>>> print(open('input.tsv').read())   # TSV, C-alpha atoms
chain	number	residue	atom	x	y	z
A	214	MET	CA	-190.15	-109.48	-37.50
A	215	GLN	CA	-191.79	-111.29	-34.58
A	216	ALA	CA	-192.50	-114.31	-36.77
A	217	LEU	CA	-188.85	-114.49	-37.86
A	218	PHE	CA	-187.70	-114.06	-34.26
A	219	LEU	CA	-189.91	-116.96	-33.10
A	220	LYS	CA	-188.80	-119.06	-36.07
A	221	GLU	CA	-185.15	-118.56	-35.11
A	222	ILE	CA	-185.87	-119.43	-31.46
A	223	ARG	CA	-187.69	-122.61	-32.49
A	224	SER	CA	-184.85	-123.46	-34.84
A	225	PHE	CA	-182.30	-123.14	-32.04
A	226	LEU	CA	-184.33	-125.11	-29.51
A	227	SER	CA	-185.43	-127.83	-31.95
A	228	SER	CA	-181.83	-128.64	-32.84
A	229	VAL	CA	-179.04	-130.11	-30.78
A	230	THR	CA	-177.09	-126.83	-30.92
A	231	GLY	CA	-179.29	-124.85	-28.54
A	232	PHE	CA	-179.38	-127.38	-25.71
A	233	LEU	CA	-175.77	-128.41	-26.30
A	234	VAL	CA	-174.59	-124.82	-25.86
A	235	MET	CA	-176.58	-124.37	-22.66
A	236	GLY	CA	-175.44	-127.74	-21.34
A	237	VAL	CA	-171.75	-127.17	-22.11
A	238	PHE	CA	-171.77	-123.73	-20.48
A	239	LEU	CA	-173.40	-124.96	-17.28
A	240	VAL	CA	-171.24	-128.09	-17.06
A	241	VAL	CA	-167.96	-126.21	-17.62
A	242	THR	CA	-168.73	-123.42	-15.16
A	243	GLY	CA	-170.18	-125.88	-12.64
A	244	LEU	CA	-167.07	-128.09	-12.74
A	245	PHE	CA	-164.71	-125.17	-12.21
A	246	LEU	CA	-166.80	-123.64	-9.43
A	247	TRP	CA	-167.72	-126.75	-7.47
A	248	VAL	CA	-165.63	-129.79	-8.52
A	249	PHE	CA	-162.17	-129.02	-9.90
A	250	HIS	CA	-159.60	-128.01	-7.28
A	251	THR	CA	-158.65	-124.66	-8.78
A	252	ASP	CA	-158.55	-121.07	-7.57
A	253	PHE	CA	-162.18	-120.75	-8.71
A	254	ASN	CA	-163.50	-123.61	-6.53
A	255	ILE	CA	-165.98	-122.04	-4.10
A	256	PRO	CA	-165.84	-124.66	-1.28
A	257	ASP	CA	-162.01	-124.73	-1.42
A	258	TYR	CA	-161.72	-120.94	-1.55
A	259	GLY	CA	-163.80	-120.56	1.61
A	260	TYR	CA	-165.35	-117.20	0.71
A	261	SER	CA	-168.91	-116.60	-0.40
A	262	ASN	CA	-168.35	-114.95	-3.76
A	263	LEU	CA	-168.79	-115.90	-7.39
A	264	ASP	CA	-165.91	-114.02	-8.97
A	265	GLY	CA	-164.77	-117.25	-10.62
A	266	LEU	CA	-168.00	-117.48	-12.61
A	267	PHE	CA	-167.41	-114.08	-14.19
A	268	ILE	CA	-163.76	-114.83	-14.93
A	269	ILE	CA	-164.47	-118.19	-16.58
A	270	SER	CA	-167.67	-117.29	-18.47
A	271	PRO	CA	-166.16	-114.83	-21.01
A	272	PHE	CA	-163.67	-117.47	-22.17
A	273	VAL	CA	-166.43	-120.06	-22.51
A	274	PHE	CA	-168.54	-117.52	-24.40
A	275	LEU	CA	-165.66	-116.92	-26.81
A	276	PHE	CA	-166.39	-120.33	-28.32
A	277	LEU	CA	-170.02	-121.04	-27.48
A	278	ILE	CA	-171.55	-117.82	-28.84
A	279	PRO	CA	-169.85	-118.17	-32.26
A	280	ALA	CA	-171.25	-121.72	-32.28
A	281	ILE	CA	-174.73	-120.24	-31.81
A	282	THR	CA	-174.39	-117.49	-34.43
A	283	MET	CA	-172.32	-119.24	-37.11
A	284	ARG	CA	-175.40	-120.52	-38.94
A	285	THR	CA	-177.60	-117.40	-38.76
A	286	PHE	CA	-176.79	-116.12	-42.26
A	287	SER	CA	-174.13	-118.51	-43.58
A	288	ASP	CA	-176.55	-121.44	-43.46
A	289	GLU	CA	-179.14	-119.38	-45.36
A	290	LYS	CA	-176.54	-118.57	-48.02
A	291	ASN	CA	-175.27	-122.13	-48.27
A	292	SER	CA	-178.76	-123.59	-48.61
A	293	GLY	CA	-179.89	-120.91	-51.07
A	294	THR	CA	-182.73	-119.64	-48.87
A	295	ILE	CA	-181.12	-116.24	-48.30
A	296	GLU	CA	-182.79	-114.74	-51.37
A	297	LEU	CA	-186.18	-116.03	-50.24
A	298	LEU	CA	-185.59	-114.51	-46.82
A	299	LEU	CA	-184.52	-111.16	-48.25
A	300	THR	CA	-187.57	-110.95	-50.52
A	301	ARG	CA	-189.93	-111.10	-47.56
A	302	PRO	CA	-191.77	-107.87	-46.69
A	303	LEU	CA	-189.14	-107.11	-44.07
A	304	SER	CA	-186.31	-104.61	-44.21
A	305	ASP	CA	-182.73	-105.81	-43.83
A	306	THR	CA	-182.64	-104.09	-40.44
A	307	LYS	CA	-185.60	-106.07	-39.12
A	308	ILE	CA	-184.15	-109.34	-40.42
A	309	ILE	CA	-180.84	-108.63	-38.69
A	310	LEU	CA	-182.51	-107.58	-35.44
A	311	ALA	CA	-184.78	-110.65	-35.42
A	312	LYS	CA	-181.80	-112.98	-35.79
A	313	TYR	CA	-179.75	-110.97	-33.31
A	314	PHE	CA	-182.38	-110.98	-30.57
A	315	ALA	CA	-183.10	-114.67	-31.13
A	316	ALA	CA	-179.43	-115.54	-30.61
A	317	PHE	CA	-179.18	-113.22	-27.61
A	318	THR	CA	-182.29	-114.81	-26.09
A	319	LEU	CA	-180.54	-118.17	-26.21
A	320	VAL	CA	-177.55	-116.61	-24.41
A	321	LEU	CA	-179.97	-115.25	-21.80
A	322	PHE	CA	-181.54	-118.70	-21.37
A	323	THR	CA	-178.01	-120.05	-20.85
A	324	LEU	CA	-177.19	-117.53	-18.13
A	325	LEU	CA	-180.43	-117.72	-16.14
A	326	PRO	CA	-179.66	-121.14	-14.54
A	327	THR	CA	-176.45	-119.67	-13.10
A	328	LEU	CA	-178.68	-117.79	-10.64
A	329	ILE	CA	-178.82	-121.13	-8.82
A	330	TYR	CA	-175.12	-120.60	-8.04
A	331	TYR	CA	-175.93	-117.22	-6.49
A	332	PHE	CA	-178.71	-118.55	-4.26
A	333	SER	CA	-176.55	-121.55	-3.28
A	334	VAL	CA	-173.66	-119.33	-2.18
A	335	TYR	CA	-176.14	-116.94	-0.57
A	336	ARG	CA	-177.45	-119.77	1.63
A	337	LEU	CA	-174.02	-121.31	2.28
A	338	GLY	CA	-172.55	-118.04	3.53
A	339	LEU	CA	-171.79	-117.58	7.22
A	340	PRO	CA	-174.08	-115.97	8.17
A	341	PRO	CA	-176.50	-116.75	5.30
A	342	GLY	CA	-176.66	-113.84	2.90
A	343	ASN	CA	-173.01	-112.88	3.44
A	344	ILE	CA	-172.31	-112.22	-0.25
A	345	ASP	CA	-171.58	-109.08	-2.23
A	346	SER	CA	-174.92	-108.94	-4.04
A	347	GLY	CA	-174.11	-105.62	-5.70
A	348	GLY	CA	-170.93	-107.04	-7.18
A	349	PHE	CA	-172.76	-110.16	-8.35
A	350	TRP	CA	-175.58	-108.33	-10.10
A	351	GLY	CA	-173.17	-105.83	-11.63
A	352	SER	CA	-171.06	-108.69	-12.97
A	353	PHE	CA	-174.18	-110.49	-14.20
A	354	ILE	CA	-175.31	-107.41	-16.13
A	355	GLY	CA	-171.77	-107.03	-17.47
A	356	LEU	CA	-171.85	-110.64	-18.65
A	357	LEU	CA	-175.14	-109.97	-20.45
A	358	PHE	CA	-173.56	-106.99	-22.23
A	359	LEU	CA	-170.52	-109.10	-23.06
A	360	GLY	CA	-172.74	-111.81	-24.53
A	361	ALA	CA	-174.68	-109.20	-26.49
A	362	VAL	CA	-171.45	-107.89	-28.04
A	363	PHE	CA	-170.23	-111.37	-28.93
A	364	VAL	CA	-173.61	-112.12	-30.56
A	365	SER	CA	-173.35	-108.99	-32.72
A	366	ILE	CA	-169.83	-110.01	-33.78
A	367	GLY	CA	-171.04	-113.53	-34.56
A	368	ILE	CA	-173.96	-112.23	-36.64
A	369	PHE	CA	-171.55	-110.08	-38.65
A	370	ALA	CA	-169.15	-113.00	-39.19
A	371	SER	CA	-172.02	-115.16	-40.42
A	372	ALA	CA	-173.16	-112.45	-42.84
A	373	ILE	CA	-169.83	-112.23	-44.67
A	374	THR	CA	-169.39	-115.92	-45.52
A	375	ASP	CA	-171.47	-118.91	-46.61
A	376	ASN	CA	-169.33	-121.36	-44.64
A	377	GLN	CA	-170.31	-122.01	-41.03
A	378	ILE	CA	-166.81	-123.10	-39.97
A	379	VAL	CA	-165.25	-119.96	-41.46
A	380	SER	CA	-167.94	-117.90	-39.73
A	381	PHE	CA	-167.11	-119.59	-36.42
A	382	ILE	CA	-163.37	-118.92	-36.78
A	383	ILE	CA	-163.89	-115.26	-37.76
A	384	ALA	CA	-166.27	-114.72	-34.84
A	385	VAL	CA	-163.86	-116.30	-32.35
A	386	PHE	CA	-160.98	-114.17	-33.66
A	387	PHE	CA	-162.87	-110.87	-33.57
A	388	SER	CA	-164.44	-111.63	-30.18
A	389	ALA	CA	-161.07	-112.56	-28.67
A	390	PHE	CA	-159.46	-109.44	-30.11
A	391	MET	CA	-162.22	-107.17	-28.82
A	392	TYR	CA	-162.06	-108.80	-25.40
A	393	LEU	CA	-158.28	-109.13	-24.91
A	394	GLY	CA	-156.54	-107.61	-27.93
A	395	PHE	CA	-156.56	-103.98	-26.83
A	396	GLU	CA	-155.51	-105.01	-23.33
A	397	PHE	CA	-152.58	-106.86	-24.88
A	398	ILE	CA	-151.57	-103.84	-26.98
A	399	TYR	CA	-151.87	-101.60	-23.90
A	400	SER	CA	-149.44	-103.82	-21.98
A	401	PHE	CA	-146.61	-102.86	-24.38
A	402	SER	CA	-146.97	-99.14	-23.56
A	403	LEU	CA	-146.33	-98.17	-27.19
A	404	PHE	CA	-148.58	-95.12	-27.48
A	405	GLY	CA	-147.57	-93.02	-24.48
A	406	LYS	CA	-150.43	-90.81	-23.32
A	407	PHE	CA	-152.83	-92.69	-25.65
A	408	ASP	CA	-152.27	-96.02	-23.91
A	409	LEU	CA	-155.28	-95.63	-21.63
A	410	PHE	CA	-157.42	-94.74	-24.63
A	411	ILE	CA	-156.25	-97.92	-26.40
A	412	LYS	CA	-157.12	-99.92	-23.30
A	413	SER	CA	-160.58	-98.33	-23.13
A	414	LEU	CA	-161.35	-99.63	-26.64
A	415	GLY	CA	-161.34	-103.20	-25.32
A	416	ILE	CA	-164.32	-105.01	-23.81
A	417	ASN	CA	-162.37	-106.23	-20.77
A	418	ASP	CA	-161.81	-102.71	-19.46
A	419	HIS	CA	-165.55	-101.94	-19.39
A	420	TYR	CA	-166.56	-105.45	-18.31
A	421	GLY	CA	-164.22	-105.16	-15.31
A	422	SER	CA	-165.67	-101.74	-14.47
A	423	ILE	CA	-169.27	-102.99	-14.41
A	424	SER	CA	-168.19	-106.08	-12.45
A	425	ARG	CA	-167.39	-103.83	-9.49
A	426	GLY	CA	-171.12	-103.31	-9.10
A	427	VAL	CA	-171.32	-99.77	-10.49
A	428	ILE	CA	-173.32	-99.30	-13.70
A	429	ASP	CA	-171.53	-96.41	-15.37
A	430	THR	CA	-173.20	-94.77	-18.38
A	431	ARG	CA	-169.80	-94.72	-20.13
A	432	ASP	CA	-169.61	-98.50	-19.96
A	433	VAL	CA	-173.20	-98.93	-21.11
A	434	THR	CA	-172.61	-96.48	-23.97
A	435	TYR	CA	-169.49	-98.42	-24.99
A	436	PHE	CA	-171.29	-101.76	-25.16
A	437	LEU	CA	-174.25	-100.33	-27.06
A	438	SER	CA	-171.88	-98.59	-29.49
A	439	VAL	CA	-169.94	-101.79	-30.26
A	440	ILE	CA	-173.19	-103.73	-30.74
A	441	THR	CA	-174.49	-101.02	-33.08
A	442	LEU	CA	-171.19	-100.99	-35.00
A	443	PHE	CA	-171.21	-104.71	-35.77
A	444	LEU	CA	-174.93	-104.79	-36.58
A	445	THR	CA	-174.37	-101.87	-38.96
A	446	LEU	CA	-171.49	-103.76	-40.59
A	447	THR	CA	-173.86	-106.72	-40.94
A	448	TRP	CA	-176.37	-104.44	-42.66
A	449	PHE	CA	-173.69	-103.31	-45.12
A	450	ALA	CA	-172.65	-106.95	-45.72
A	451	LEU	CA	-176.22	-107.89	-46.62
A	452	GLY	CA	-176.67	-104.73	-48.66
A	453	ARG	CA	-173.83	-105.73	-51.02
A	454	ARG	CA	-176.32	-107.69	-53.09
A	455	LYS	CA	-177.88	-104.37	-54.20
A	456	TRP	CA	-174.61	-102.89	-55.41
>>> encode(input="input.tsv", output="structure tokens")
Amino acid sequence: MQALFLKEIRSFLSSVTGFLVMGVFLVVTGLFLWVFHTDFNIPDYGYSNLDGLFIISPFVFLFLIPAITMRTFSDEKNSGTIELLLTRPLSDTKIILAKYFAAFTLVLFTLLPTLIYYFSVYRLGLPPGNIDSGGFWGSFIGLLFLGAVFVSIGIFASAITDNQIVSFIIAVFFSAFMYLGFEFIYSFSLFGKFDLFIKSLGINDHYGSISRGVIDTRDVTYFLSVITLFLTLTWFALGRRKW
């Protein structure tokens, strides 16, 4: 499993995709936070907080993470190496986890440079250090969970098709629905007393909760459950070859 994990990491970092994803994420968030004159611009806003980063990042992730994961299994299928991979002395579970953690590691590498934004705002505050650190770290952890969920969705999308573009589109659709779809349904107030339950099924509800700086076990359980669900679906998708 470790060998496959390292192989996937090397594959990401030896191709344009890995560095392109990291570069695009940092450029887009950097432009909105420091250059473009929008509500997210920190110097224009005049307050030492990074709320804009955690509002923008999920929408950037909606497209960048599917770009990372779209080739994990679909490329193996398209090139015909999937059978060779599946005949290795590794269980399907270990293969899935190796690819999952490799993709998530790239997401982590992408997020780590954003800590520069935190220390910049920390120093620019008046007085220095006048920033809601609890809110920042809560939001940062929430963004990691969000990325982890999107990676699991992307892995599943890649496992059900041999076309990378189709995998990308499916991953974007499912990720967007999980992030905003239930919130959208909730806004119509169609289910009466079940409306709050419908809202709680969406990622945004739990992401917003963690972003307040409080790590609630209900939110953590939700994220881990969704990740487990999509990785299990991936396992079933790969297991179809045995049926």
>>> closest_residue(input="input.tsv", among="A:Gly360, A:Gly405, A:Gly265, A:Gly426", to="Phe314 of chain A", atoms="all atoms listed in the file")
A:Gly360
>>> closest_residue(input="input.tsv", among="A:Phe404, A:Phe238, A:Phe381, A:Tyr392", to="Ile416 of chain A", atoms="all atoms listed in the file")
A:Tyr392
>>> atom_distance(input="input.tsv", atom1="atom CA of Ser388 of chain A", atom2="atom CA of Thr441 of chain A")
14.9 Å
>>> atom_distance(input="input.tsv", atom1="atom CA of Leu266 of chain A", atom2="atom CA of Leu319 of chain A")
18.5 Å
>>> residues_around(input="input.tsv", residues="Thr285 of chain A", least_positions_apart="4", cutoff="8 Å", atoms="all atoms listed in the file", output="ChimeraX atom specification")
/A:289,312,368,371-372
>>> closest_atom_pairs(input="input.tsv", of="segment 288-330 of chain A", to="segment 275-283 of chain A", cutoff="12 Å", atoms="all atoms listed in the file", output="CSV")
residue,atom,partner,partner_atom,distance
A:Asp288,CA,A:Met283,CA,7.9
A:Glu289,CA,A:Met283,CA,10.7
A:Lys290,CA,A:Met283,CA,11.7
A:Asn291,CA,A:Met283,CA,11.9
A:Ile309,CA,A:Thr282,CA,11.8
A:Lys312,CA,A:Thr282,CA,8.8
A:Tyr313,CA,A:Thr282,CA,8.5
A:Phe314,CA,A:Thr282,CA,11.0
A:Ala315,CA,A:Thr282,CA,9.7
A:Ala316,CA,A:Thr282,CA,6.6
A:Phe317,CA,A:Ile278,CA,9.0
A:Thr318,CA,A:Ile281,CA,10.9
A:Leu319,CA,A:Ile281,CA,8.3
A:Val320,CA,A:Ile278,CA,7.6
A:Leu321,CA,A:Ile278,CA,11.3
A:Thr323,CA,A:Leu277,CA,10.4
>>> closest_residue(input="input.tsv", among="A:Tyr260, A:Phe232, A:Phe390, A:Phe401", to="Leu414 of chain A", atoms="all atoms listed in the file")
A:Phe390
>>> atom_distance(input="input.tsv", atom1="atom CA of Phe358 of chain A", atom2="atom CA of Gly452 of chain A")
26.7 Å
>>> residues_near_point(input="input.tsv", point="(-187.1, -120.5, -34.7)", cutoff="12 Å", atoms="only C-alpha atoms", output="PDB file with C-alpha atoms, in the frame of the given file")
ATOM      1  CA  MET A 214    -190.150-109.480 -37.500  1.00  0.00           C
ATOM      2  CA  GLN A 215    -191.790-111.290 -34.580  1.00  0.00           C
ATOM      3  CA  ALA A 216    -192.500-114.310 -36.770  1.00  0.00           C
ATOM      4  CA  LEU A 217    -188.850-114.490 -37.860  1.00  0.00           C
ATOM      5  CA  PHE A 218    -187.700-114.060 -34.260  1.00  0.00           C
ATOM      6  CA  LEU A 219    -189.910-116.960 -33.100  1.00  0.00           C
ATOM      7  CA  LYS A 220    -188.800-119.060 -36.070  1.00  0.00           C
ATOM      8  CA  GLU A 221    -185.150-118.560 -35.110  1.00  0.00           C
ATOM      9  CA  ILE A 222    -185.870-119.430 -31.460  1.00  0.00           C
ATOM     10  CA  ARG A 223    -187.690-122.610 -32.490  1.00  0.00           C
ATOM     11  CA  SER A 224    -184.850-123.460 -34.840  1.00  0.00           C
ATOM     12  CA  PHE A 225    -182.300-123.140 -32.040  1.00  0.00           C
ATOM     13  CA  LEU A 226    -184.330-125.110 -29.510  1.00  0.00           C
ATOM     14  CA  SER A 227    -185.430-127.830 -31.950  1.00  0.00           C
ATOM     15  CA  SER A 228    -181.830-128.640 -32.840  1.00  0.00           C
ATOM     16  CA  GLY A 231    -179.290-124.850 -28.540  1.00  0.00           C
ATOM     17  CA  THR A 285    -177.600-117.400 -38.760  1.00  0.00           C
ATOM     18  CA  ALA A 311    -184.780-110.650 -35.420  1.00  0.00           C
ATOM     19  CA  LYS A 312    -181.800-112.980 -35.790  1.00  0.00           C
ATOM     20  CA  PHE A 314    -182.380-110.980 -30.570  1.00  0.00           C
ATOM     21  CA  ALA A 315    -183.100-114.670 -31.130  1.00  0.00           C
ATOM     22  CA  ALA A 316    -179.430-115.540 -30.610  1.00  0.00           C
ATOM     23  CA  THR A 318    -182.290-114.810 -26.090  1.00  0.00           C
ATOM     24  CA  LEU A 319    -180.540-118.170 -26.210  1.00  0.00           C
TER      25      LEU A 319
END
>>> closest_residue(input="input.tsv", among="A:Val385, A:Leu356, A:Leu451, A:Val334", to="Pro256 of chain A", atoms="only C-alpha atoms")
A:Val334
>>> closest_residue(input="input.tsv", among="A:Leu328, A:Ile440, A:Val248, A:Ile354", to="Gly367 of chain A", atoms="all atoms listed in the file")
A:Ile440
>>> residues_near_point(input="input.tsv", point="(-164.8, -126.8, -9.8)", cutoff="12 Å", atoms="all atoms listed in the file", output="list in words")
Leu239, Val240, Val241, Thr242, Gly243, Leu244, Phe245, Leu246, Trp247, Val248, Phe249, His250, Thr251, Asp252, Phe253, Asn254, Ile255, Pro256, Asp257, Tyr258, Leu263, Gly265, Leu266 and Ile269 of chain A
>>> axis_aligned_box(input="input.tsv", around="segment 380-394 of chain A", padding_each_side="6 Å", output="AutoDock Vina command-line options")
--center_x -162.2 --center_y -113.4 --center_z -32.3 --size_x 23.4 --size_y 24.4 --size_z 26.8
>>> residues_around(input="input.tsv", residues="segment 336-353 of chain A", least_positions_apart="3", cutoff="8 Å", atoms="only C-alpha atoms", output="VMD selection string")
chain A and resid 260 to 264 267 331 to 333 356 to 357 420 423 to 428
>>> closest_residue(input="input.tsv", among="A:Ile308, A:Val234, A:Ala450, A:Ile378", to="Arg284 of chain A", atoms="all atoms listed in the file")
A:Ile378
